[in-house]
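What's in coords_6.pdb: PDB, C-alpha atoms and all ligand atoms
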```
MODEL        1
ATOM      1  CA  MET N  13       0.000   0.000   0.000  1.00  0.00           C
ATOM      2  CA  PRO N  14       1.603   3.287  -1.074  1.00  0.00           C
ATOM      3  CA  THR N  15       1.696   5.878   1.680  1.00  0.00           C
ATOM      4  CA  ARG N  16       4.118   8.529   0.497  1.00  0.00           C
ATOM      5  CA  ARG N  17       2.541  11.848   1.439  1.00  0.00           C
ATOM      6  CA  PRO N  18       2.377  14.888  -0.851  1.00  0.00           C
ATOM      7  CA  THR N  19       5.482  17.058  -0.808  1.00  0.00           C
ATOM      8  CA  HIS N  20       3.700  20.166   0.472  1.00  0.00           C
ATOM      9  CA  ASN N  21       2.449  18.203   3.500  1.00  0.00           C
ATOM     10  CA  LEU N  22       5.944  16.888   4.150  1.00  0.00           C
ATOM     11  CA  ARG N  23       7.405  20.387   3.951  1.00  0.00           C
ATOM     12  CA  ALA N  24       4.930  21.673   6.518  1.00  0.00           C
ATOM     13  CA  LEU N  25       5.601  18.724   8.821  1.00  0.00           C
ATOM     14  CA  TYR N  26       9.332  19.188   8.483  1.00  0.00           C
ATOM     15  CA  ALA N  27       9.133  22.887   9.382  1.00  0.00           C
ATOM     16  CA  SER N  28       6.985  22.225  12.431  1.00  0.00           C
ATOM     17  CA  ARG N  29       9.149  19.363  13.678  1.00  0.00           C
ATOM     18  CA  ARG N  30      12.300  21.347  13.154  1.00  0.00           C
ATOM     19  CA  ALA N  31      10.778  24.100  15.280  1.00  0.00           C
ATOM     20  CA  ARG N  32       9.681  21.773  18.050  1.00  0.00           C
ATOM     21  CA  ALA N  33      11.739  21.736  21.226  1.00  0.00           C
ATOM     22  CA  THR N  34      13.798  18.641  21.921  1.00  0.00           C
ATOM     23  CA  SER N  35      12.280  16.023  24.179  1.00  0.00           C
ATOM     24  CA  LEU N  36      14.039  15.496  27.481  1.00  0.00           C
ATOM     25  CA  ALA N  37      14.001  11.780  26.679  1.00  0.00           C
ATOM     26  CA  ASP N  38      16.172  12.371  23.633  1.00  0.00           C
ATOM     27  CA  GLY N  39      19.877  11.687  23.649  1.00  0.00           C
ATOM     28  CA  PRO N  40      22.911  10.602  21.649  1.00  0.00           C
ATOM     29  CA  GLY N  41      22.927   7.560  19.433  1.00  0.00           C
ATOM     30  CA  PHE N  42      23.003   6.481  15.817  1.00  0.00           C
ATOM     31  CA  LEU N  43      20.928   6.611  12.691  1.00  0.00           C
ATOM     32  CA  TYR N  44      21.113   3.181  11.102  1.00  0.00           C
ATOM     33  CA  THR N  45      20.250   2.256   7.552  1.00  0.00           C
ATOM     34  CA  PHE N  46      19.842  -0.950   5.628  1.00  0.00           C
ATOM     35  CA  VAL N  47      18.536  -1.748   2.190  1.00  0.00           C
ATOM     36  CA  ASP N  48      16.635  -4.860   1.118  1.00  0.00           C
ATOM     37  CA  ARG N  49      16.960  -6.034  -2.467  1.00  0.00           C
ATOM     38  CA  GLY N  50      18.756  -2.817  -3.309  1.00  0.00           C
ATOM     39  CA  ARG N  51      15.466  -0.964  -3.377  1.00  0.00           C
ATOM     40  CA  TYR N  52      13.682  -0.863  -0.005  1.00  0.00           C
ATOM     41  CA  TRP N  53      15.468   1.397   2.450  1.00  0.00           C
ATOM     42  CA  LYS N  54      14.918   1.296   6.176  1.00  0.00           C
ATOM     43  CA  LEU N  55      16.068   4.070   8.475  1.00  0.00           C
ATOM     44  CA  GLY N  56      15.925   3.829  12.255  1.00  0.00           C
ATOM     45  CA  MET N  57      17.636   5.087  15.369  1.00  0.00           C
ATOM     46  CA  THR N  58      19.281   3.380  18.290  1.00  0.00           C
ATOM     47  CA  SER N  59      21.546   4.081  21.237  1.00  0.00           C
ATOM     48  CA  ASN N  60      23.422   0.833  20.595  1.00  0.00           C
ATOM     49  CA  PHE N  61      24.022   0.046  16.938  1.00  0.00           C
ATOM     50  CA  GLU N  62      25.507  -3.435  17.277  1.00  0.00           C
ATOM     51  CA  ARG N  63      22.689  -4.580  19.549  1.00  0.00           C
ATOM     52  CA  ARG N  64      19.992  -3.140  17.245  1.00  0.00           C
ATOM     53  CA  LYS N  65      21.588  -4.670  14.171  1.00  0.00           C
ATOM     54  CA  ALA N  66      21.770  -8.091  15.833  1.00  0.00           C
ATOM     55  CA  GLN N  67      18.134  -7.722  16.892  1.00  0.00           C
ATOM     56  CA  TRP N  68      17.009  -6.985  13.330  1.00  0.00           C
ATOM     57  CA  ASP N  69      19.024  -9.834  11.845  1.00  0.00           C
ATOM     58  CA  ASN N  70      17.685 -12.195  14.479  1.00  0.00           C
ATOM     59  CA  GLU N  71      14.013 -11.170  14.426  1.00  0.00           C
ATOM     60  CA  CYS N  72      13.787 -10.559  10.688  1.00  0.00           C
ATOM     61  CA  PRO N  73      16.410 -12.691   8.981  1.00  0.00           C
ATOM     62  CA  CYS N  74      16.800 -11.633   5.373  1.00  0.00           C
ATOM     63  CA  ALA N  75      19.535 -12.713   2.990  1.00  0.00           C
ATOM     64  CA  HIS N  76      19.037  -9.636   0.810  1.00  0.00           C
ATOM     65  CA  ARG N  77      19.708  -7.086   3.517  1.00  0.00           C
ATOM     66  CA  ARG N  78      22.718  -4.843   3.277  1.00  0.00           C
ATOM     67  CA  TRP N  79      23.757  -2.698   6.247  1.00  0.00           C
ATOM     68  CA  LEU N  80      25.292   0.711   5.694  1.00  0.00           C
ATOM     69  CA  PRO N  81      27.626   2.446   8.146  1.00  0.00           C
ATOM     70  CA  PRO N  82      25.703   4.027  11.060  1.00  0.00           C
ATOM     71  CA  ILE N  83      25.855   7.785  11.575  1.00  0.00           C
ATOM     72  CA  ARG N  84      26.364   9.258  15.010  1.00  0.00           C
ATOM     73  CA  VAL N  85      23.886  11.917  16.163  1.00  0.00           C
ATOM     74  CA  THR N  86      23.556  13.914  19.352  1.00  0.00           C
ATOM     75  CA  ARG N  87      19.765  13.591  19.545  1.00  0.00           C
ATOM     76  CA  ARG N  88      18.656  10.358  17.974  1.00  0.00           C
ATOM     77  CA  ARG N  89      14.870  10.720  18.173  1.00  0.00           C
ATOM     78  CA  ARG N  90      14.868  14.163  16.658  1.00  0.00           C
ATOM     79  CA  ALA N  91      17.364  13.103  13.988  1.00  0.00           C
ATOM     80  CA  GLU N  92      15.253  10.103  13.003  1.00  0.00           C
ATOM     81  CA  SER N  93      12.060  12.123  12.819  1.00  0.00           C
ATOM     82  CA  LEU N  94      13.613  14.752  10.532  1.00  0.00           C
ATOM     83  CA  ALA N  95      15.484  12.206   8.428  1.00  0.00           C
ATOM     84  CA  HIS N  96      12.294  10.198   7.821  1.00  0.00           C
ATOM     85  CA  LEU N  97      10.575  13.268   6.400  1.00  0.00           C
ATOM     86  CA  LEU N  98      13.510  14.185   4.169  1.00  0.00           C
ATOM     87  CA  LEU N  99      13.802  10.612   2.935  1.00  0.00           C
ATOM     88  CA  GLU N 100      10.106  10.470   2.192  1.00  0.00           C
ATOM     89  CA  MET N 101      10.334  13.689   0.153  1.00  0.00           C
ATOM     90  CA  ARG N 102      13.035  12.197  -2.033  1.00  0.00           C
ATOM     91  CA  SER N 103      11.645   8.669  -2.257  1.00  0.00           C
ATOM     92  CA  MET N 104       9.450   7.119  -4.916  1.00  0.00           C
ATOM     93  CA  ASP N 105       7.158   5.700  -2.257  1.00  0.00           C
ATOM     94  CA  ARG N 106       6.825   4.805   1.406  1.00  0.00           C
ATOM     95  CA  PRO N 107       4.933   1.519   1.313  1.00  0.00           C
ATOM     96  CA  LYS N 108       3.752  -0.520   4.247  1.00  0.00           C
ATOM     97  CA  ARG N 109       5.424  -3.801   3.443  1.00  0.00           C
ATOM     98  CA  TYR N 110       4.389  -7.243   4.555  1.00  0.00           C
ATOM     99  CA  CYS N 111       7.539  -9.185   5.318  1.00  0.00           C
ATOM    100  CA  ALA N 112       7.681 -12.897   4.600  1.00  0.00           C
ATOM    101  CA  HIS N 113      10.792 -13.245   6.788  1.00  0.00           C
ATOM    102  CA  CYS N 114       9.236 -12.143  10.066  1.00  0.00           C
ATOM    103  CA  ARG N 115       5.535 -12.106   9.084  1.00  0.00           C
ATOM    104  CA  ARG N 116       5.071  -8.572  10.223  1.00  0.00           C
ATOM    105  CA  THR N 117       4.336  -5.377   8.335  1.00  0.00           C
ATOM    106  CA  HIS N 118       7.291  -3.030   8.256  1.00  0.00           C
ATOM    107  CA  ILE N 119       6.737   0.711   8.277  1.00  0.00           C
ATOM    108  CA  GLU N 120       8.973   3.660   7.417  1.00  0.00           C
ATOM    109  CA  ILE N 121      10.342   1.851   4.393  1.00  0.00           C
ATOM    110  CA  PHE N 122      11.397   4.105   1.517  1.00  0.00           C
ATOM    111  CA  VAL N 123      11.681   3.088  -2.114  1.00  0.00           C
ATOM    112  CA  PHE N 124      14.507   4.436  -4.263  1.00  0.00           C
ATOM    113  CA  ARG N 125      15.173   3.429  -7.838  1.00  0.00           C
ATOM    114  CA  GLY N 126      18.548   2.743  -9.310  1.00  0.00           C
ATOM    115  CA  ASN N 127      21.844   1.411  -8.056  1.00  0.00           C
ATOM    116  CA  TRP N 128      21.802   1.110  -4.250  1.00  0.00           C
ATOM    117  CA  ASN N 129      25.424   2.143  -3.857  1.00  0.00           C
ATOM    118  CA  ARG N 130      24.825   5.334  -5.810  1.00  0.00           C
ATOM    119  CA  THR N 131      21.599   6.034  -3.865  1.00  0.00           C
ATOM    120  CA  TRP N 132      23.568   5.715  -0.635  1.00  0.00           C
ATOM    121  CA  ARG N 133      26.454   7.931  -1.729  1.00  0.00           C
ATOM    122  CA  ILE N 134      24.497  10.587  -3.608  1.00  0.00           C
ATOM    123  CA  VAL N 135      21.192  10.803  -1.753  1.00  0.00           C
ATOM    124  CA  ILE N 136      20.895   9.077   1.599  1.00  0.00           C
ATOM    125  CA  ARG N 137      24.283   9.477   3.246  1.00  0.00           C
ATOM    126  CA  PRO N 138      24.485  13.236   2.524  1.00  0.00           C
ATOM    127  CA  LEU N 139      20.933  13.637   3.797  1.00  0.00           C
ATOM    128  CA  LEU N 140      21.722  11.864   7.077  1.00  0.00           C
ATOM    129  CA  LEU N 141      24.945  13.804   7.541  1.00  0.00           C
ATOM    130  CA  ARG N 142      23.053  17.033   7.039  1.00  0.00           C
ATOM    131  CA  VAL N 143      20.573  16.051   9.752  1.00  0.00           C
ATOM    132  CA  ALA N 144      23.446  15.085  12.073  1.00  0.00           C
ATOM    133  CA  VAL N 145      25.182  18.420  11.527  1.00  0.00           C
ATOM    134  CA  GLN N 146      21.967  20.413  11.981  1.00  0.00           C
ATOM    135  CA  MET N 147      21.935  19.265  15.594  1.00  0.00           C
ATOM    136  CA  PHE N 148      24.902  21.533  16.218  1.00  0.00           C
ATOM    137  CA  SER N 149      23.366  24.583  14.575  1.00  0.00           C
ATOM    138  CA  ARG N 150      22.312  27.391  16.872  1.00  0.00           C
ATOM    139  CA  LEU N 151      19.320  27.722  14.564  1.00  0.00           C
ATOM    140  CA  ASP N 152      18.123  24.300  15.554  1.00  0.00           C
ATOM    141  CA  ALA N 153      15.422  24.474  18.188  1.00  0.00           C
ATOM    142  CA  HIS N 154      16.484  23.684  21.715  1.00  0.00           C
ATOM    143  CA  THR N 155      13.914  25.391  23.851  1.00  0.00           C
ATOM    144  CA  ASP N 156      12.528  28.483  22.153  1.00  0.00           C
ATOM    145  CA  VAL N 157      12.404  28.447  18.385  1.00  0.00           C
ATOM    146  CA  SER N 158      10.548  31.717  18.043  1.00  0.00           C
ATOM    147  CA  ARG N 159      13.789  33.634  18.559  1.00  0.00           C
ATOM    148  CA  HIS N 160      15.503  31.789  15.758  1.00  0.00           C
ATOM    149  CA  PRO N 161      13.423  31.683  12.603  1.00  0.00           C
ATOM    150  CA  ASP N 162      15.261  29.263  10.365  1.00  0.00           C
ATOM    151  CA  THR N 163      15.546  30.034   6.690  1.00  0.00           C
ATOM    152  CA  SER N 164      17.870  27.126   5.947  1.00  0.00           C
ATOM    153  CA  ASP N 165      14.884  24.770   5.812  1.00  0.00           C
ATOM    154  CA  ASN N 166      14.063  26.185   2.389  1.00  0.00           C
ATOM    155  CA  ILE N 167      17.394  24.979   1.098  1.00  0.00           C
ATOM    156  CA  ASP N 168      16.677  21.450   2.312  1.00  0.00           C
ATOM    157  CA  ILE N 169      13.349  21.398   0.616  1.00  0.00           C
ATOM    158  CA  GLN N 170      14.488  22.728  -2.735  1.00  0.00           C
ATOM    159  CA  VAL N 171      17.125  20.055  -3.173  1.00  0.00           C
ATOM    160  CA  SER N 172      14.862  17.290  -1.903  1.00  0.00           C
ATOM    161  CA  ARG N 173      12.853  16.665  -5.055  1.00  0.00           C
ATOM    162  CA  PRO N 174      13.000  13.145  -6.503  1.00  0.00           C
ATOM    163  CA  GLN N 175      15.253  13.083  -9.553  1.00  0.00           C
TER
HETATM  164 ZN    ZN N 201      10.675  -8.575   8.470  1.00  0.00          ZN
ENDMDL
END
```
Any chance you could put this one into structure tokens?
Amino acid sequence: MPTRRPTHNLRALYASRRARATSLADGPGFLYTFVDRGRYWKLGMTSNFERRKAQWDNECPCAHRRWLPPIRVTRRRRAESLAHLLLEMRSMDRPKRYCAHCRRTHIEIFVFRGNWNRTWRIVIRPLLLRVAVQMFSRLDAHTDVSRHPDTSDNIDIQVSRPQ
């Protein structure tokens, strides 16, 4: 079932989430990424990458899964939330996918066409690094966003069109 939302909705969501103050429950960790069959990309967050990776491979064993290097972030929940929206903007689709390996339906799966290695290098890795770096920006909301209207969001959105 396709569930990619329209770009204008994603832009509005991104702006409001970027402006939202960080949860006290948030903290450092990693964004992790894997791709199934070179086409279905999963992005998640964890405080312990090796444990999360082992958990995935144990609970949903899949021979076609390829793990990419995790990216360290200072606030993992916020980073994941923003990265999901940016990925969705650039993806072909965000299907809910029934999984024959674990017999569950996976969510937050993003479809990208073309060579997976190129997708990682050209699209996804730069996008995740940008989110990771944003955490250090004084423009990023910590407690009171109203003092720091952020115009850099427009840049994100303009380059986030599917190609
Ligand atoms: Zn599965």
Using only C-alpha atoms, the best pick from N:Asn70, N:Thr131, N:Ser59, N:Ser149 as closest to Leu99 of chain N would be N:Thr131
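Environment of ligand ZN 201 (chain N), defined as every protein or nucleic acid residue with an atom within 8 Å of it and counting all atoms listed in the file, comprises Glu71, Cys72, Pro73, Cys74, Tyr110, Cys111, Ala112, His113, Cys114, Arg115, Arg116, Thr117 and His118 of chain N.
Here the question is which of N:Leu94, N:Ile83, N:Val47, N:Ala37 gets nearest to Gln146 of chain N using all atoms listed in the file, and that residue is N:Leu94.
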Distance in Å - atom CA of Thr45 of chain N versus atom CA of Met57 of chain N: 8.7 Å
note - atom CA of Arg51 of chain N and atom CA of Trp79 of chain N are separated by 12.8 Å
Which residues are near Met147 of chain N? Cut-off 8 Å, all atoms listed in the file, ignore same chain within fewer than 4 positions. Put them as a list of chain:residue names. N:Val85, N:Thr86, N:Arg87, N:Ala91, N:Val143, N:Asp152
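Shortest separation to Ala27 of chain N among N:Ala75, N:Ile119, N:Leu55, N:Leu97 occurs at residue N:Leu97, atoms counted being only C-alpha atoms.
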Would you write out, as an mmCIF file with C-alpha atoms, in the coordinates of the input, every residue that the PyMOL selection byres (((chain N and resi 76) around 8) and not hetatm) captures in this file?
```cif
data_model
loop_
_atom_site.group_PDB
_atom_site.id
_atom_site.type_symbol
_atom_site.label_atom_id
_atom_site.label_comp_id
_atom_site.auth_asym_id
_atom_site.auth_seq_id
_atom_site.Cartn_x
_atom_site.Cartn_y
_atom_site.Cartn_z
ATOM 1 C CA ASP N 48 16.635 -4.860 1.118
ATOM 2 C CA ARG N 49 16.960 -6.034 -2.467
ATOM 3 C CA GLY N 50 18.756 -2.817 -3.309
ATOM 4 C CA CYS N 74 16.800 -11.633 5.373
ATOM 5 C CA ALA N 75 19.535 -12.713 2.990
ATOM 6 C CA ARG N 77 19.708 -7.086 3.517
ATOM 7 C CA ARG N 78 22.718 -4.843 3.277
#
```
